[in-house]
Amino acid sequence: MQANSDIILAKARWYRLIPIAFITYSLAYLDRANFGFGAAGGMAEDLGITPAMSSLLGSLFFLGYFFFQVPGAIYAENRSAKKLIFWSLILWGGLAMATGIVSNINALIVIRFMLGVVESAVMPAMLLFLSRWFTKSERSRANTFLILGNPATILWMSVLSGYLINAVGWRWMFIWEGLPAIIWAFFWWRLVQDKPQDATWLTTPEKQALEAKLQQEQQGIKPVKNYAEAFKSRIVILLSLQYALWSVGVYGFVMWLPSILNAAPNMNIVKTGWLSAVPYVLAIIGMLSASYFSDKTLNRKAFVWPFLLIGAVAFYGSYLLGANNFWLSFVLLIIAGGAMYAPYGPFFAIIPEILPKNVAGGAMALINSFGALGSFVGAYIVGYLNGTTGGFGASYIFMAGSLLLSALITLVAVKQPGAAAKPEPVKVSMP
């Protein structure tokens, strides 16, 4: 009877929670990534935005994101991730829509910064939320289905944004793409509970079985007294630096790929939208594959650094090809994009397996905040290099170097093949 209960529990969690997490993070990513399309689709021209200012505006989001990660995660850990994400959905949807009605650069600066502030707690809060509902042998896949909202959103957003800008202009593109977050906030509030013991759709034995398994996993982790001790630990410091360098490559790529493609001969915004979507197809395949085998082997390290190295080599290859081999260079950009996204699930499974739950959420927030700092640097410097050099070669070298360093730090930071000792078998199943 207990075994059957565990199997039912596992299926219920996957079917009920993962689609909700996926949609929520998808909407967060929609409202940060469509800026690149707005800039390429007439916003820069209409508002008189220079290339240097466009780089700053594209990266300001991440500055707001950097400063408010840890406070938001601490609130989610100690009080309510559900409430935090509810209000974040409403506020970031409103700010995204406001982007479509601005008439001057100063207002746009404020909106971009505040959008980062509002969205800052979503990623660590969602990772913390999933760590309360999924066990170690499931966590990489659960994280991946959350973060799949990133490439999946860019995939359809790239196509949709191109058509919207072509049909109704960049202003209405922002307005229409900001509205769904506000609507979804009320679905989130109705469908989600903070912890398993609050769920009416689980039986008492199911709640007890899940809680017992999660408690068992905590017993093998060395105690950490407080956030200060966790933040000073070697693994958190190194992973913060690693994730910052990784994010330089990811967001330099995400924010400026539309502009890189739009500069090609015989290109228009609709074609740009379709081509911009292609790397994210490979990203989705890579993320699902890496997370599956990482959970199967409980090896996180082996499914992070090789992908980052592949991304570095692909960017360097694009640099060597130069501007005269557009289609071959584009194939390498597809490989780089897919490789950069593949390790997310295994990477974010590392911290909950080596730090106790009283500090894991804050540690993930700190690491993610440094990722935001790297995103700021990547988005700004890639845009700056593209504008000042008149080409994309320098930015390819910059992103390649950042990913190479990130891969090397991963090798140093994570000593064991897996992040922690292999747990006892658990009777759970994933559909």
# chains A, B, ... in the order shown; residues from 1 in each chain; ligands from 1

call {"tool": "residues_around", "arguments": {"residues": "Asn78 in chain A", "least_positions_apart": "2", "cutoff": "12 Å", "atoms": "only C-alpha atoms", "output": "NGL selection string"}}
result
:A and (71-76 or 80-84 or 125 or 128-129 or 194 or 357-362)

call {"tool": "residues_around", "arguments": {"residues": "Thr24 in chain A", "least_positions_apart": "3", "cutoff": "10 Å", "atoms": "only C-alpha atoms", "output": "PDB file with C-alpha atoms, in the first residue's frame"}}
result
ATOM      1  CA  ILE A  18       5.516  21.307 -13.137  1.00  0.00           C
ATOM      2  CA  PRO A  19       3.160  22.886 -15.733  1.00  0.00           C
ATOM      3  CA  ILE A  20       2.434  25.725 -13.290  1.00  0.00           C
ATOM      4  CA  ALA A  21       6.148  26.324 -12.633  1.00  0.00           C
ATOM      5  CA  LEU A  27       6.046  34.628 -18.482  1.00  0.00           C
ATOM      6  CA  ALA A  28       8.912  36.072 -16.454  1.00  0.00           C
ATOM      7  CA  TYR A  29      11.285  35.354 -19.274  1.00  0.00           C
ATOM      8  CA  ILE A  85       5.471  35.291  -6.837  1.00  0.00           C
ATOM      9  CA  PHE A  86       1.801  36.388  -6.976  1.00  0.00           C
ATOM     10  CA  LEU A  89       3.551  38.478 -11.600  1.00  0.00           C
ATOM     11  CA  VAL A 122      11.242  34.593  -8.955  1.00  0.00           C
ATOM     12  CA  MET A 126      10.794  28.822  -7.657  1.00  0.00           C
ATOM     13  CA  LEU A 146      11.127  25.096 -14.694  1.00  0.00           C
ATOM     14  CA  GLY A 149      10.426  28.210 -19.684  1.00  0.00           C
ATOM     15  CA  ALA A 181       1.516  37.745 -16.511  1.00  0.00           C
ATOM     16  CA  TRP A 184      -1.771  34.263 -14.736  1.00  0.00           C
ATOM     17  CA  ALA A 185      -1.136  35.692 -11.234  1.00  0.00           C
ATOM     18  CA  PHE A 187      -4.322  31.220 -11.573  1.00  0.00           C
ATOM     19  CA  TRP A 188      -1.051  30.877  -9.625  1.00  0.00           C
TER      20      TRP A 188
END

call {"tool": "atom_distance", "arguments": {"atom1": "CA of Pro223 in chain A", "atom2": "CA of Leu130 in chain A"}}
result
21.0 Å

call {"tool": "select_by_dssp", "arguments": {"residues": "range 92-250 of chain A", "states": "helix (DSSP H, G or I)", "output": "ChimeraX atom specification"}}
result
/A:92-99,105-119,122-131,136-147,149-168,170-191,196-198,204-218,227-231,234-250

call {"tool": "atom_distance", "arguments": {"atom1": "CA of Ile154 in chain A", "atom2": "CA of Ala12 in chain A"}}
result
28.3 Å

call {"tool": "residues_around", "arguments": {"residues": "Phe37 in chain A", "least_positions_apart": "2", "cutoff": "10 Å", "atoms": "only C-alpha atoms", "output": "list in words"}}
result
Ala33, Asn34, Phe35, Ala39, Ala40, Gly41, Gly42, Met43, Met157, Ser158, Ser161, Gly162, Ile165, Trp170, Met173, Phe174, Met255, Trp256, Leu257, Pro258, Ser259, Asn262, Ile269, Thr272 and Gly273 of chain A

call {"tool": "write_last_selection", "arguments": {"atoms": "C-alpha atoms", "output": "CSV table (one decimal), in the first residue's frame"}}
result
chain,number,residue,atom,x,y,z
A,33,ALA,CA,13.8,38.9,-23.4
A,34,ASN,CA,11.5,40.8,-25.8
A,35,PHE,CA,13.5,44.0,-25.3
A,39,ALA,CA,15.2,47.5,-30.0
A,40,ALA,CA,15.6,45.8,-33.4
A,41,GLY,CA,12.0,46.6,-34.4
A,42,GLY,CA,11.9,50.4,-34.2
A,43,MET,CA,12.0,51.4,-30.5
A,157,MET,CA,8.4,34.7,-28.5
A,158,SER,CA,10.9,35.2,-31.2
A,161,SER,CA,7.4,39.2,-31.5
A,162,GLY,CA,8.6,39.5,-35.1
A,165,ILE,CA,6.1,44.3,-34.5
A,170,TRP,CA,6.9,47.6,-31.1
A,173,MET,CA,4.1,44.1,-28.9
A,174,PHE,CA,5.2,45.1,-25.3
A,255,MET,CA,19.9,40.0,-25.8
A,256,TRP,CA,21.8,40.6,-29.1
A,257,LEU,CA,21.1,37.6,-31.3
A,258,PRO,CA,18.2,39.4,-33.0
A,259,SER,CA,20.4,42.4,-33.8
A,262,ASN,CA,19.0,41.4,-38.4
A,269,ILE,CA,12.3,41.3,-38.7
A,272,THR,CA,15.0,37.4,-37.8
A,273,GLY,CA,12.2,36.1,-35.5

call {"tool": "decode", "arguments": {"residues": "range 154-178 of chain A", "atoms": "N, CA, C and O atoms", "output": "tab-separated table (two decimals), in the first residue's frame"}}
result
chain	number	residue	atom	x	y	z
A	154	ILE	N	11.57	31.89	-25.50
A	154	ILE	CA	12.27	32.61	-26.56
A	154	ILE	C	11.92	32.01	-27.92
A	154	ILE	O	11.81	32.73	-28.91
A	155	LEU	N	11.71	30.71	-27.96
A	155	LEU	CA	11.40	30.04	-29.22
A	155	LEU	C	10.11	30.60	-29.82
A	155	LEU	O	10.10	31.04	-30.97
A	156	TRP	N	9.03	30.61	-29.03
A	156	TRP	CA	7.78	31.12	-29.61
A	156	TRP	C	7.71	32.64	-29.57
A	156	TRP	O	7.11	33.27	-30.44
A	157	MET	N	8.36	33.26	-28.56
A	157	MET	CA	8.37	34.71	-28.48
A	157	MET	C	9.10	35.33	-29.66
A	157	MET	O	8.71	36.39	-30.17
A	158	SER	N	10.18	34.67	-30.12
A	158	SER	CA	10.94	35.20	-31.25
A	158	SER	C	10.07	35.30	-32.49
A	158	SER	O	10.09	36.31	-33.21
A	159	VAL	N	9.29	34.25	-32.74
A	159	VAL	CA	8.41	34.25	-33.90
A	159	VAL	C	7.27	35.24	-33.70
A	159	VAL	O	6.97	36.07	-34.57
A	160	LEU	N	6.60	35.16	-32.53
A	160	LEU	CA	5.45	36.02	-32.26
A	160	LEU	C	5.84	37.50	-32.26
A	160	LEU	O	5.13	38.34	-32.84
A	161	SER	N	6.96	37.83	-31.62
A	161	SER	CA	7.37	39.24	-31.53
A	161	SER	C	7.66	39.81	-32.92
A	161	SER	O	7.32	40.96	-33.21
A	162	GLY	N	8.30	38.99	-33.77
A	162	GLY	CA	8.55	39.46	-35.13
A	162	GLY	C	7.26	39.79	-35.86
A	162	GLY	O	7.15	40.85	-36.50
A	163	TYR	N	6.26	38.92	-35.74
A	163	TYR	CA	4.98	39.18	-36.39
A	163	TYR	C	4.23	40.36	-35.77
A	163	TYR	O	3.63	41.18	-36.47
A	164	LEU	N	4.26	40.46	-34.44
A	164	LEU	CA	3.56	41.57	-33.77
A	164	LEU	C	4.16	42.92	-34.15
A	164	LEU	O	3.43	43.88	-34.43
A	165	ILE	N	5.50	43.00	-34.15
A	165	ILE	CA	6.14	44.26	-34.53
A	165	ILE	C	5.80	44.61	-35.97
A	165	ILE	O	5.51	45.76	-36.31
A	166	ASN	N	5.81	43.61	-36.83
A	166	ASN	CA	5.49	43.84	-38.24
A	166	ASN	C	4.04	44.28	-38.42
A	166	ASN	O	3.72	45.11	-39.28
A	167	ALA	N	3.12	43.73	-37.57
A	167	ALA	CA	1.69	43.99	-37.73
A	167	ALA	C	1.23	45.24	-36.98
A	167	ALA	O	0.47	46.06	-37.54
A	168	VAL	N	1.65	45.42	-35.73
A	168	VAL	CA	1.10	46.51	-34.91
A	168	VAL	C	2.18	47.41	-34.29
A	168	VAL	O	1.85	48.37	-33.59
A	169	GLY	N	3.44	47.11	-34.52
A	169	GLY	CA	4.50	47.97	-34.00
A	169	GLY	C	5.03	47.50	-32.66
A	169	GLY	O	4.42	46.68	-31.96
A	170	TRP	N	6.19	48.04	-32.28
A	170	TRP	CA	6.86	47.59	-31.06
A	170	TRP	C	6.08	47.94	-29.80
A	170	TRP	O	6.13	47.21	-28.80
A	171	ARG	N	5.34	49.04	-29.79
A	171	ARG	CA	4.60	49.43	-28.58
A	171	ARG	C	3.53	48.40	-28.22
A	171	ARG	O	3.43	47.95	-27.07
A	172	TRP	N	2.73	48.00	-29.19
A	172	TRP	CA	1.69	47.02	-28.90
A	172	TRP	C	2.27	45.64	-28.65
A	172	TRP	O	1.66	44.82	-27.95
A	173	MET	N	3.45	45.37	-29.19
A	173	MET	CA	4.13	44.10	-28.89
A	173	MET	C	4.38	44.01	-27.38
A	173	MET	O	4.07	42.98	-26.75
A	174	PHE	N	4.91	45.08	-26.77
A	174	PHE	CA	5.15	45.07	-25.33
A	174	PHE	C	3.86	44.97	-24.53
A	174	PHE	O	3.77	44.26	-23.52
A	175	ILE	N	2.83	45.68	-24.96
A	175	ILE	CA	1.56	45.68	-24.23
A	175	ILE	C	0.91	44.29	-24.25
A	175	ILE	O	0.51	43.76	-23.21
A	176	TRP	N	0.83	43.69	-25.44
A	176	TRP	CA	0.19	42.38	-25.55
A	176	TRP	C	0.99	41.29	-24.84
A	176	TRP	O	0.41	40.36	-24.29
A	177	GLU	N	2.30	41.42	-24.82
A	177	GLU	CA	3.12	40.39	-24.19
A	177	GLU	C	3.27	40.59	-22.69
A	177	GLU	O	3.76	39.70	-21.99
A	178	GLY	N	2.85	41.74	-22.16
A	178	GLY	CA	2.89	41.97	-20.72
A	178	GLY	C	1.61	41.55	-20.01
A	178	GLY	O	1.63	41.16	-18.84
